[in-house]
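Peer 1: Encoded as structure tokens, here's the structure I'll be asking about.
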Amino acid sequence: VPWSGDRSGKANVPTFFQAIGENVDVLAFEPGEFVAQGDTVVSMGTFRAKVRATGKTADSPWIFIWKFGGGKVKSYEQFHDPALAAAFR
């Protein structure tokens, strides 16, 4: 998945979204539930995309973990179903 990996730092945020935009046609992005505790927010939802290079479509539930501090995002992690990676093969 081209947007996976370490994208630490403010300067790398645009490369994350650029990798998505260059590689898939997003067919659906549906947040479902948000759970907050302290400085952490976990969001869950579904993602559907068509991979341009293979023509395959993937449906993937996702989980995002956001950590905040000082009014800013301190870290962000995302987890997808393996079906998303399989669509790139």
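Chain labels follow the order of the structure tokens: the first chain is A, the next B, and so on; residue numbering restarts at 1 in every chain, and ligands are counted from 1 in their shown order.
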Which residues, written as a list in words, have at least one atom at most 12 Å from A:Ala58, with only C-alpha atoms counted and residues fewer than 6 positions away on the same chain left out?
Peer 2: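 Listed by chain and then number, they are Val1, Val24, Asp25, Val26, Leu27, Ala28, Phe29, Thr46, Phe47, Arg48, Ala49, Lys50, Val51, Arg52, His80, Asp81, Pro82, Ala83, Leu84, Ala85, Ala86, Ala87, Phe88 and Arg89 of chain A.
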Peer 1: Please extract the residues of chain A with a backbone DSSP assignment of alpha helix (DSSP H) and present them as a PyMOL selection string.
Peer 2: chain A and resi 13-23+82-86
Peer 1: Nearest to A:Glu77 among A:Ser8, A:Ile20, A:Pro2, A:Ser60, with distances taken over only C-alpha atoms: which residue is it?
Peer 2: A:Ser8
Peer 1: Enter the distance from atom CA of A:Asn23 to atom CA of A:Lys72, in Å, rounded to one decimal.
Peer 2: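 According to the coordinates, atom CA of A:Asn23 and atom CA of A:Lys72 are separated by 28.4 Å.
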Peer 1: Can you pull out every residue within 10 Å of A:Trp3, counting only C-alpha atoms, but drop anything in the same chain fewer than 2 positions away, and send it as a list in words?
Peer 2: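 Contacts, with the query itself left out: Val1, Gly5, Asp6, Arg7, Thr15, Phe16, Phe17, Gln18, Ala19, Ile20, Gly21, Glu22 and Asn23 of chain A.
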Peer 1: Those residues with N, CA, C and O atoms, as a CSV table (one decimal), in the first residue's frame please?
Peer 2:
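Generated output (out.csv):
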```csv
chain,number,residue,atom,x,y,z
A,1,VAL,N,0.9,-1.2,0.0
A,1,VAL,CA,0.0,0.0,0.0
A,1,VAL,C,0.9,1.2,0.0
A,1,VAL,O,1.7,1.4,1.0
A,5,GLY,N,3.7,3.1,5.9
A,5,GLY,CA,5.1,3.4,6.3
A,5,GLY,C,5.1,4.6,7.2
A,5,GLY,O,4.1,5.2,7.5
A,6,ASP,N,6.3,4.9,7.6
A,6,ASP,CA,6.5,6.1,8.5
A,6,ASP,C,6.5,7.4,7.7
A,6,ASP,O,7.2,7.6,6.8
A,7,ARG,N,5.6,8.2,8.1
A,7,ARG,CA,5.4,9.5,7.5
A,7,ARG,C,5.5,10.6,8.6
A,7,ARG,O,4.7,11.5,8.6
A,15,THR,N,2.6,14.1,1.6
A,15,THR,CA,3.0,12.9,0.8
A,15,THR,C,2.0,11.7,1.1
A,15,THR,O,1.8,10.9,0.2
A,16,PHE,N,1.5,11.6,2.3
A,16,PHE,CA,0.5,10.6,2.6
A,16,PHE,C,-0.8,10.8,1.7
A,16,PHE,O,-1.2,9.8,1.0
A,17,PHE,N,-1.3,12.0,1.6
A,17,PHE,CA,-2.5,12.2,0.8
A,17,PHE,C,-2.2,12.1,-0.7
A,17,PHE,O,-3.0,11.7,-1.5
A,18,GLN,N,-1.0,12.5,-1.1
A,18,GLN,CA,-0.6,12.4,-2.5
A,18,GLN,C,-0.5,11.0,-2.9
A,18,GLN,O,-1.0,10.6,-4.0
A,19,ALA,N,0.0,10.1,-2.1
A,19,ALA,CA,0.1,8.7,-2.4
A,19,ALA,C,-1.3,8.1,-2.6
A,19,ALA,O,-1.5,7.2,-3.5
A,20,ILE,N,-2.2,8.5,-1.8
A,20,ILE,CA,-3.6,8.0,-1.9
A,20,ILE,C,-4.2,8.5,-3.3
A,20,ILE,O,-4.7,7.7,-4.1
A,21,GLY,N,-4.1,9.8,-3.5
A,21,GLY,CA,-4.6,10.4,-4.7
A,21,GLY,C,-4.0,9.8,-6.0
A,21,GLY,O,-4.7,9.8,-7.0
A,22,GLU,N,-2.8,9.5,-6.0
A,22,GLU,CA,-2.1,9.0,-7.2
A,22,GLU,C,-2.3,7.5,-7.4
A,22,GLU,O,-2.1,7.0,-8.6
A,23,ASN,N,-2.8,6.7,-6.5
A,23,ASN,CA,-2.8,5.3,-6.6
A,23,ASN,C,-4.2,4.7,-6.6
A,23,ASN,O,-4.4,3.5,-7.1
```
Peer 1: Using only C-alpha atoms, which protein or nucleic acid residues come within 6 Å of A:Ile65? Drop anything in the same chain fewer than 3 positions from it, and give the result as number ranges by chain.
Peer 2: A: 41-42, 76-77
Peer 1: I need the residue nearest A:Phe64 from this list: A:Gly9, A:Pro14, A:Gly38, A:Gly45. Use only C-alpha atoms for the distance.
Peer 2: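 Distance minimum relative to A:Phe64 lands on A:Gly45.
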Peer 1: Mind listing the strand (DSSP E) residues of stretch 12-59 of chain A, per DSSP on the backbone, as a PDB file with N, CA and C atoms, in the first residue's frame?
Peer 2:
```
ATOM      1  N   VAL A  24      -5.203   5.338  -6.051  1.00  0.00           N
ATOM      2  CA  VAL A  24      -6.531   4.734  -5.981  1.00  0.00           C
ATOM      3  C   VAL A  24      -7.616   5.751  -6.317  1.00  0.00           C
ATOM      4  N   ASP A  25      -8.740   5.224  -6.728  1.00  0.00           N
ATOM      5  CA  ASP A  25      -9.956   6.017  -6.819  1.00  0.00           C
ATOM      6  C   ASP A  25     -10.760   5.667  -5.580  1.00  0.00           C
ATOM      7  N   VAL A  26     -10.947   6.616  -4.707  1.00  0.00           N
ATOM      8  CA  VAL A  26     -11.692   6.377  -3.473  1.00  0.00           C
ATOM      9  C   VAL A  26     -13.178   6.330  -3.818  1.00  0.00           C
ATOM     10  N   LEU A  27     -13.798   5.205  -3.540  1.00  0.00           N
ATOM     11  CA  LEU A  27     -15.214   5.013  -3.839  1.00  0.00           C
ATOM     12  C   LEU A  27     -16.087   5.274  -2.624  1.00  0.00           C
ATOM     13  N   ALA A  28     -15.523   5.086  -1.435  1.00  0.00           N
ATOM     14  CA  ALA A  28     -16.262   5.362  -0.196  1.00  0.00           C
ATOM     15  C   ALA A  28     -15.269   5.516   0.946  1.00  0.00           C
ATOM     16  N   PHE A  29     -15.562   6.437   1.834  1.00  0.00           N
ATOM     17  CA  PHE A  29     -14.818   6.612   3.080  1.00  0.00           C
ATOM     18  C   PHE A  29     -15.867   6.985   4.116  1.00  0.00           C
ATOM     19  N   GLU A  30     -16.181   6.041   4.992  1.00  0.00           N
ATOM     20  CA  GLU A  30     -17.298   6.230   5.905  1.00  0.00           C
ATOM     21  C   GLU A  30     -16.875   6.039   7.357  1.00  0.00           C
ATOM     22  N   PRO A  31     -16.626   7.147   8.069  1.00  0.00           N
ATOM     23  CA  PRO A  31     -16.373   7.023   9.503  1.00  0.00           C
ATOM     24  C   PRO A  31     -17.617   6.490  10.201  1.00  0.00           C
ATOM     25  N   GLY A  32     -17.409   5.655  11.201  1.00  0.00           N
ATOM     26  CA  GLY A  32     -18.548   5.064  11.886  1.00  0.00           C
ATOM     27  C   GLY A  32     -18.625   5.434  13.351  1.00  0.00           C
ATOM     28  N   GLU A  33     -17.571   5.166  14.076  1.00  0.00           N
ATOM     29  CA  GLU A  33     -17.602   5.348  15.524  1.00  0.00           C
ATOM     30  C   GLU A  33     -16.315   6.022  15.983  1.00  0.00           C
ATOM     31  N   PHE A  34     -16.435   6.857  17.014  1.00  0.00           N
ATOM     32  CA  PHE A  34     -15.290   7.537  17.605  1.00  0.00           C
ATOM     33  C   PHE A  34     -15.302   7.268  19.106  1.00  0.00           C
ATOM     34  N   VAL A  35     -14.141   6.918  19.648  1.00  0.00           N
ATOM     35  CA  VAL A  35     -14.007   6.669  21.080  1.00  0.00           C
ATOM     36  C   VAL A  35     -12.853   7.537  21.572  1.00  0.00           C
ATOM     37  N   ALA A  36     -13.111   8.343  22.591  1.00  0.00           N
ATOM     38  CA  ALA A  36     -12.081   9.233  23.125  1.00  0.00           C
ATOM     39  C   ALA A  36     -11.812   8.917  24.579  1.00  0.00           C
ATOM     40  N   GLN A  37     -10.538   8.938  24.911  1.00  0.00           N
ATOM     41  CA  GLN A  37     -10.120   8.790  26.306  1.00  0.00           C
ATOM     42  C   GLN A  37      -8.841   9.599  26.480  1.00  0.00           C
ATOM     43  N   THR A  40      -6.320  10.598  23.564  1.00  0.00           N
ATOM     44  CA  THR A  40      -6.371   9.620  22.477  1.00  0.00           C
ATOM     45  C   THR A  40      -7.787   9.506  21.926  1.00  0.00           C
ATOM     46  N   VAL A  41      -7.879   9.477  20.599  1.00  0.00           N
ATOM     47  CA  VAL A  41      -9.150   9.249  19.912  1.00  0.00           C
ATOM     48  C   VAL A  41      -8.953   8.074  18.960  1.00  0.00           C
ATOM     49  N   VAL A  42      -9.850   7.115  19.032  1.00  0.00           N
ATOM     50  CA  VAL A  42      -9.854   5.982  18.107  1.00  0.00           C
ATOM     51  C   VAL A  42     -11.095   6.112  17.248  1.00  0.00           C
ATOM     52  N   SER A  43     -10.894   6.073  15.944  1.00  0.00           N
ATOM     53  CA  SER A  43     -12.027   6.135  15.023  1.00  0.00           C
ATOM     54  C   SER A  43     -12.048   4.860  14.188  1.00  0.00           C
ATOM     55  N   MET A  44     -13.265   4.426  13.865  1.00  0.00           N
ATOM     56  CA  MET A  44     -13.449   3.200  13.099  1.00  0.00           C
ATOM     57  C   MET A  44     -14.416   3.469  11.962  1.00  0.00           C
ATOM     58  N   GLY A  45     -14.172   2.820  10.837  1.00  0.00           N
ATOM     59  CA  GLY A  45     -15.059   3.010   9.693  1.00  0.00           C
ATOM     60  C   GLY A  45     -14.724   2.055   8.570  1.00  0.00           C
ATOM     61  N   THR A  46     -15.181   2.410   7.370  1.00  0.00           N
ATOM     62  CA  THR A  46     -14.934   1.579   6.211  1.00  0.00           C
ATOM     63  C   THR A  46     -14.390   2.412   5.058  1.00  0.00           C
ATOM     64  N   PHE A  47     -13.640   1.745   4.196  1.00  0.00           N
ATOM     65  CA  PHE A  47     -12.977   2.371   3.057  1.00  0.00           C
ATOM     66  C   PHE A  47     -13.152   1.450   1.860  1.00  0.00           C
ATOM     67  N   ARG A  48     -13.508   2.021   0.728  1.00  0.00           N
ATOM     68  CA  ARG A  48     -13.621   1.249  -0.515  1.00  0.00           C
ATOM     69  C   ARG A  48     -12.864   2.029  -1.575  1.00  0.00           C
ATOM     70  N   ALA A  49     -11.980   1.317  -2.278  1.00  0.00           N
ATOM     71  CA  ALA A  49     -11.174   1.985  -3.292  1.00  0.00           C
ATOM     72  C   ALA A  49     -10.870   1.039  -4.445  1.00  0.00           C
ATOM     73  N   LYS A  50     -10.656   1.643  -5.604  1.00  0.00           N
ATOM     74  CA  LYS A  50     -10.228   0.889  -6.779  1.00  0.00           C
ATOM     75  C   LYS A  50      -8.775   1.255  -7.047  1.00  0.00           C
ATOM     76  N   VAL A  51      -7.922   0.240  -7.089  1.00  0.00           N
ATOM     77  CA  VAL A  51      -6.493   0.451  -7.333  1.00  0.00           C
ATOM     78  C   VAL A  51      -6.287   0.662  -8.831  1.00  0.00           C
ATOM     79  N   THR A  57     -10.750  -3.801  -6.811  1.00  0.00           N
ATOM     80  CA  THR A  57     -11.441  -3.008  -5.800  1.00  0.00           C
ATOM     81  C   THR A  57     -11.290  -3.690  -4.450  1.00  0.00           C
ATOM     82  N   ALA A  58     -11.102  -2.888  -3.424  1.00  0.00           N
ATOM     83  CA  ALA A  58     -10.973  -3.415  -2.064  1.00  0.00           C
ATOM     84  C   ALA A  58     -11.972  -2.730  -1.151  1.00  0.00           C
ATOM     85  N   ASP A  59     -12.586  -3.523  -0.291  1.00  0.00           N
ATOM     86  CA  ASP A  59     -13.408  -3.022   0.806  1.00  0.00           C
ATOM     87  C   ASP A  59     -12.636  -3.306   2.077  1.00  0.00           C
TER      88      ASP A  59
END
```
Peer 1: Between atom CA of A:Trp66 and atom CA of A:Lys10, what is the distance in Å, rounded to a tenth?
Peer 2: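 Between these atoms lies a distance of 14.7 Å.
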Peer 1: Between atom CA of A:Ile63 and atom CA of A:Ser4, what is the spacing in Å?
Peer 2: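 Those two atoms sit 13.8 Å apart.
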